[in-house]
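File shown: work_7.txt (compact mmCIF, C-alpha atoms).
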# COMPACT_ATOMS: atom_id res chain seq x y z
CA MET K 363 -43.65 -32.76 28.47
CA LYS K 364 -41.21 -30.09 29.59
CA ILE K 365 -42.55 -26.52 29.68
CA LEU K 366 -40.61 -23.31 30.27
CA ILE K 367 -42.51 -20.31 31.66
CA VAL K 368 -40.72 -16.95 31.68
CA ASP K 369 -42.60 -14.18 33.47
CA ASP K 370 -41.49 -11.68 36.10
CA HIS K 371 -44.76 -11.94 38.07
CA PRO K 372 -44.76 -15.14 40.17
CA MET K 373 -48.55 -15.19 40.57
CA THR K 374 -49.00 -14.92 36.82
CA ALA K 375 -46.52 -17.72 36.16
CA GLU K 376 -48.27 -19.88 38.75
CA GLY K 377 -51.59 -19.17 37.06
CA TYR K 378 -50.19 -20.37 33.74
CA ARG K 379 -48.91 -23.55 35.39
CA ASN K 380 -52.25 -24.28 37.07
CA ALA K 381 -54.23 -23.68 33.86
CA ILE K 382 -52.00 -25.98 31.82
CA SER K 383 -51.86 -28.68 34.50
CA SER K 384 -55.66 -28.79 34.66
CA SER K 385 -55.91 -29.94 31.05
CA ILE K 386 -52.58 -31.60 30.23
CA ASP K 387 -51.11 -34.45 32.25
CA SER K 388 -47.47 -35.18 33.05
CA CYS K 389 -46.02 -31.69 32.60
CA ASP K 390 -42.65 -30.76 34.02
CA PHE K 391 -42.52 -26.99 34.57
CA ILE K 392 -39.49 -24.73 34.80
CA ILE K 393 -40.20 -21.12 35.78
CA ALA K 394 -37.79 -18.21 35.21
CA GLU K 395 -38.56 -14.71 36.50
CA ASN K 396 -36.15 -12.66 34.39
CA CYS K 397 -33.77 -12.79 31.44
CA LYS K 398 -30.87 -13.95 33.62
CA ASN K 399 -32.72 -16.92 35.07
CA ALA K 400 -34.08 -17.77 31.63
CA PHE K 401 -30.54 -17.71 30.21
CA PHE K 402 -29.32 -20.28 32.72
CA GLU K 403 -32.36 -22.53 32.33
CA ILE K 404 -32.06 -22.48 28.54
CA SER K 405 -28.31 -23.05 28.72
CA LYS K 406 -28.92 -26.26 30.69
CA THR K 407 -30.81 -27.73 27.76
CA ARG K 408 -27.59 -27.92 25.75
CA ASN K 409 -26.81 -31.11 27.66
CA GLU K 410 -30.21 -32.17 29.00
CA LEU K 411 -33.72 -32.85 27.70
CA HIS K 412 -35.03 -29.95 25.64
CA PHE K 413 -38.16 -27.94 26.30
CA ASP K 414 -41.27 -28.86 24.34
CA ILE K 415 -43.08 -25.53 24.84
CA ALA K 416 -42.05 -22.12 26.19
CA LEU K 417 -44.40 -19.34 27.33
CA ILE K 418 -42.42 -16.10 27.31
CA ASP K 419 -43.53 -12.65 28.42
CA LYS K 420 -42.16 -9.82 26.30
CA GLY K 421 -41.43 -7.48 29.22
CA LEU K 422 -38.70 -8.92 31.46
CA PRO K 423 -35.88 -7.60 33.66
CA GLU K 424 -32.74 -7.42 31.51
CA TYR K 425 -29.54 -9.46 31.56
CA PRO K 426 -27.18 -7.15 29.63
CA GLU K 427 -24.14 -9.38 30.22
CA GLU K 428 -25.63 -11.80 27.68
CA LYS K 429 -27.38 -9.10 25.62
CA LEU K 430 -30.82 -10.20 26.74
CA PHE K 431 -33.03 -7.14 27.05
CA SER K 432 -36.53 -8.56 26.69
CA GLY K 433 -38.55 -11.69 26.18
CA VAL K 434 -37.88 -11.36 22.46
CA ASP K 435 -34.15 -11.86 23.05
CA VAL K 436 -34.89 -14.82 25.33
CA ALA K 437 -37.06 -16.38 22.61
CA LEU K 438 -34.36 -15.89 19.97
CA LEU K 439 -31.80 -17.53 22.28
CA LEU K 440 -34.17 -20.45 22.79
CA ARG K 441 -34.56 -20.78 19.02
CA LYS K 442 -30.77 -21.24 18.72
CA VAL K 443 -30.26 -23.60 21.66
CA ASN K 444 -33.51 -25.55 21.45
CA PRO K 445 -34.86 -25.15 17.89
CA GLY K 446 -37.52 -27.81 18.35
CA CYS K 447 -39.24 -25.93 21.16
CA LYS K 448 -42.58 -24.33 20.32
CA VAL K 449 -42.58 -20.69 21.42
CA ILE K 450 -45.63 -18.85 22.70
CA MET K 451 -45.16 -15.09 23.15
CA ILE K 452 -47.30 -13.14 25.62
CA SER K 453 -47.27 -9.35 25.72
CA ALA K 454 -49.01 -6.59 27.64
CA HIS K 455 -48.24 -4.14 24.84
CA THR K 456 -51.15 -2.83 22.78
CA GLU K 457 -49.15 -0.78 20.26
CA TYR K 458 -49.56 -2.28 16.81
CA LEU K 459 -45.93 -1.89 15.83
CA VAL K 460 -44.60 -3.45 19.05
CA VAL K 461 -46.84 -6.49 18.58
CA TYR K 462 -45.83 -6.74 14.93
CA ASP K 463 -42.12 -6.51 15.78
CA ILE K 464 -42.45 -9.39 18.25
CA PHE K 465 -44.24 -11.48 15.63
CA LYS K 466 -41.74 -10.63 12.90
CA LYS K 467 -38.60 -11.27 14.96
CA VAL K 468 -39.63 -14.40 16.85
CA LYS K 469 -42.09 -16.02 14.43
CA PRO K 470 -43.78 -17.73 17.38
CA GLU K 471 -45.99 -20.78 17.09
CA GLY K 472 -48.44 -18.95 19.36
CA MET K 473 -48.98 -15.34 20.39
CA ILE K 474 -51.56 -13.59 22.56
CA SER K 475 -51.93 -10.34 24.48
CA LYS K 476 -52.22 -10.42 28.28
CA GLY K 477 -55.53 -8.59 28.04
CA GLU K 478 -57.04 -11.53 26.14
CA LEU K 479 -55.52 -14.32 28.18
CA THR K 480 -57.77 -16.55 30.28
CA PRO K 481 -57.23 -20.07 31.67
CA GLN K 482 -59.63 -21.34 29.02
CA ASN K 483 -58.01 -19.83 25.95
CA LEU K 484 -54.54 -20.59 27.29
CA THR K 485 -55.35 -24.30 27.20
CA VAL K 486 -56.82 -23.91 23.70
CA LEU K 487 -53.65 -22.11 22.63
CA ILE K 488 -51.43 -24.88 24.04
CA GLU K 489 -53.50 -27.63 22.43
CA GLU K 490 -53.46 -25.97 19.00
CA VAL K 491 -49.72 -25.39 19.14
CA LEU K 492 -49.15 -29.03 20.15
CA ASN K 493 -51.27 -30.07 17.17
CA GLU K 494 -48.93 -28.15 14.85
CA GLU K 495 -51.47 -25.35 14.35
CA ASN K 496 -50.09 -21.86 14.85
CA TYR K 497 -52.26 -19.72 17.11
CA LEU K 498 -52.59 -15.96 16.87
CA SER K 499 -55.15 -14.27 19.10
CA PRO K 500 -57.75 -11.92 17.57
CA PHE K 501 -55.89 -8.85 18.80
CA VAL K 502 -52.54 -10.07 17.48
CA LYS K 503 -54.15 -10.78 14.10
CA GLU K 504 -55.65 -7.29 14.11
CA CYS K 505 -52.23 -5.74 14.80
CA ILE K 506 -50.53 -7.71 12.04
CA ASN K 507 -53.27 -6.92 9.54
CA GLU K 508 -53.09 -3.22 10.36
CA ILE K 509 -49.34 -3.18 9.83
CA TRP K 510 -49.66 -5.03 6.57
CA LYS K 511 -52.23 -2.47 5.46
CA LYS K 512 -49.85 0.26 6.53
CA ASP K 513 -46.74 -1.47 5.24
CA LEU K 514 -45.21 1.88 4.46
CA MET K 515 -44.67 2.25 8.19
CA VAL K 516 -42.45 -0.82 8.36
CA ASP K 517 -39.99 1.10 6.19
CA ASP K 518 -37.16 2.49 8.34
CA PHE K 519 -36.89 5.70 6.27
CA ASN K 520 -40.57 6.47 6.76
CA ARG K 521 -40.31 5.98 10.50
CA GLN K 522 -37.24 8.21 10.59
CA ILE K 523 -39.11 10.90 8.66
CA LEU K 524 -41.99 10.83 11.14
CA PHE K 525 -39.62 10.82 14.11
CA TYR K 526 -37.77 13.94 12.96
CA MET K 527 -41.01 15.66 11.97
CA SER K 528 -42.32 15.00 15.48
CA LYS K 529 -39.21 16.75 16.81
CA GLY K 530 -39.98 19.88 14.79
CA TYR K 531 -37.86 19.34 11.67
CA LYS K 532 -39.17 20.81 8.43
CA LEU K 533 -39.24 18.63 5.31
CA LYS K 534 -36.47 20.63 3.64
CA GLU K 535 -34.27 20.05 6.71
CA LEU K 536 -34.60 16.27 6.62
CA GLU K 537 -32.38 15.73 3.59
CA GLY K 538 -29.31 16.36 5.75
CA VAL K 539 -30.21 13.83 8.46
CA ILE K 540 -31.97 11.05 6.54
CA PHE K 541 -29.92 11.15 3.33
CA LEU K 542 -32.88 11.12 0.96
CA ALA K 543 -33.64 13.84 -1.56
CA THR K 544 -36.27 16.36 -0.43
CA SER K 545 -38.52 15.38 -3.35
CA THR K 546 -38.33 11.72 -2.27
CA ILE K 547 -39.15 12.64 1.33
CA GLN K 548 -42.12 14.71 0.15
CA ARG K 549 -43.48 11.76 -1.87
CA ARG K 550 -43.13 9.47 1.13
CA VAL K 551 -45.01 11.92 3.36
CA ILE K 552 -47.80 12.23 0.78
CA ASN K 553 -48.12 8.43 0.64
CA MET K 554 -48.23 8.16 4.43
CA LYS K 555 -50.99 10.76 4.59
CA LYS K 556 -53.00 8.70 2.11
CA VAL K 557 -52.53 5.52 4.15
CA PHE K 558 -53.59 7.22 7.39
CA ASP K 559 -56.30 9.25 5.66
CA VAL K 560 -55.12 12.63 6.96
CA SER K 561 -54.44 15.91 5.14
CA ASP K 562 -51.80 17.71 7.21
CA ASP K 563 -48.45 17.02 8.88
CA SER K 564 -49.63 17.49 12.47
CA SER K 565 -52.47 14.99 12.04
CA LEU K 566 -50.06 12.49 10.49
CA ILE K 567 -47.67 12.78 13.43
CA LYS K 568 -50.50 12.58 15.97
CA ILE K 569 -51.99 9.37 14.58
CA ALA K 570 -48.54 7.80 14.11
CA ILE K 571 -47.79 8.42 17.79
CA GLN K 572 -51.19 7.11 18.86
CA GLN K 573 -50.64 3.85 16.98
CA GLY K 574 -47.10 3.37 18.27
CA PHE K 575 -45.20 4.00 15.04
CA ILE K 576 -42.97 6.66 16.65

File written out as structure tokens:
Amino acid sequence: MKILIVDDHPMTAEGYRNAISSSIDSCDFIIAENCKNAFFEISKTRNELHFDIALIDKGLPEYPEEKLFSGVDVALLLRKVNPGCKVIMISAHTEYLVVYDIFKKVKPEGMISKGELTPQNLTVLIEEVLNEENYLSPFVKECINEIWKKDLMVDDFNRQILFYMSKGYKLKELEGVIFLATSTIQRRVINMKKVFDVSDDSSLIKIAIQQGFI
């Protein structure tokens, strides 16, 4: 089995390799430390044996020449070049929206936060993914559920409204920058306050920032 590990911390990548090797025999590991190295390793699979599994960290040094700015871009490239590879995303981010965006864009077979990761649950994750069972860690599930509950916040207009409000714009001023009628903007703000269970604009902005929506 051929496994790609993409992580910019060599000790972390080595830890992943050791944990997997302890429970799964006959693994061939390729380790890339940044988007550039990952690009070249993935490109090789156009003419060689494909990867079976890839563990990809979200935060990676960029490779702008190939428009690879994070582990998400690396995963999407891998999907194109090696569509049969099972992708496991690992992220240190704890913001709900960041975690949700990774999940939505990549649609990984497995996903876990670095804070939850141990040698034991990494092997469980690998085994479940190999058995065609998608694995989402408890924290990742929590993030996704919270976003689904607050699905208004996935709307680009709502996020724009909150962004400009956080910069000091008044509701009546937003019509000129967001291109929605003031009455429509007001309704959206009222709905967002209901979702977040707050009664004023400043509290809405504060909780949206705390949860990573803006």

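For the pair CA of Leu417 in chain K and CA of Phe501 in chain K, the separation is 17.7 Å.
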
Using all atoms listed in the file, which of the listed residues (K:Ile523, K:Cys447, K:Ala400, K:Val491) sits closest to Glu428 in chain K?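 So, comparing all the options, the nearest one is K:Ala400.
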
List every residue of range 449-485 of chain K that has an atom at most 10 Å from any atom of range 364-374 of chain K, giving for each one its closest atom pair and the distance in Å to one decimal, counting all atoms listed in the file, sorted by chain and then by ascending residue number, as a tab-separated table.
residue	atom	partner	partner_atom	distance
K:Val449	CA	K:Leu366	CA	9.4
K:Ile450	CA	K:Ile367	CA	9.6
K:Met451	CA	K:Val368	CA	9.8
K:Ile452	CA	K:Asp369	CA	9.2

With all atoms listed in the file as the basis for distance, which of K:Cys397, K:Val502, K:Ile418, K:Leu440 is at the shortest distance from Ala375 in chain K?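 The answer is K:Ile418, which sits nearest to Ala375 in chain K.
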
Using all atoms listed in the file, which of K:Phe413, K:Tyr497, K:Phe525, K:Tyr378 sits nearest Gly446 in chain K?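 For Gly446 in chain K, the nearest of the given residues is K:Phe413.
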
Work out how far CA of Lys420 in chain K is from CA of Val436 in chain K, in Å to one decimal. 8.9 Å

Can you tell me which residues surround Ile382 in chain K at a distance of at most 10 Å, considering only C-alpha atoms, apart from same-chain residues fewer than 3 positions away, and format the answer as a list in words? Ile365, Glu376, Gly377, Tyr378, Arg379, Ser385, Ile386, Asp387, Cys389, Phe391, Pro481, Gln482, Leu484, Thr485, Val486, Ile488 and Glu489 of chain K
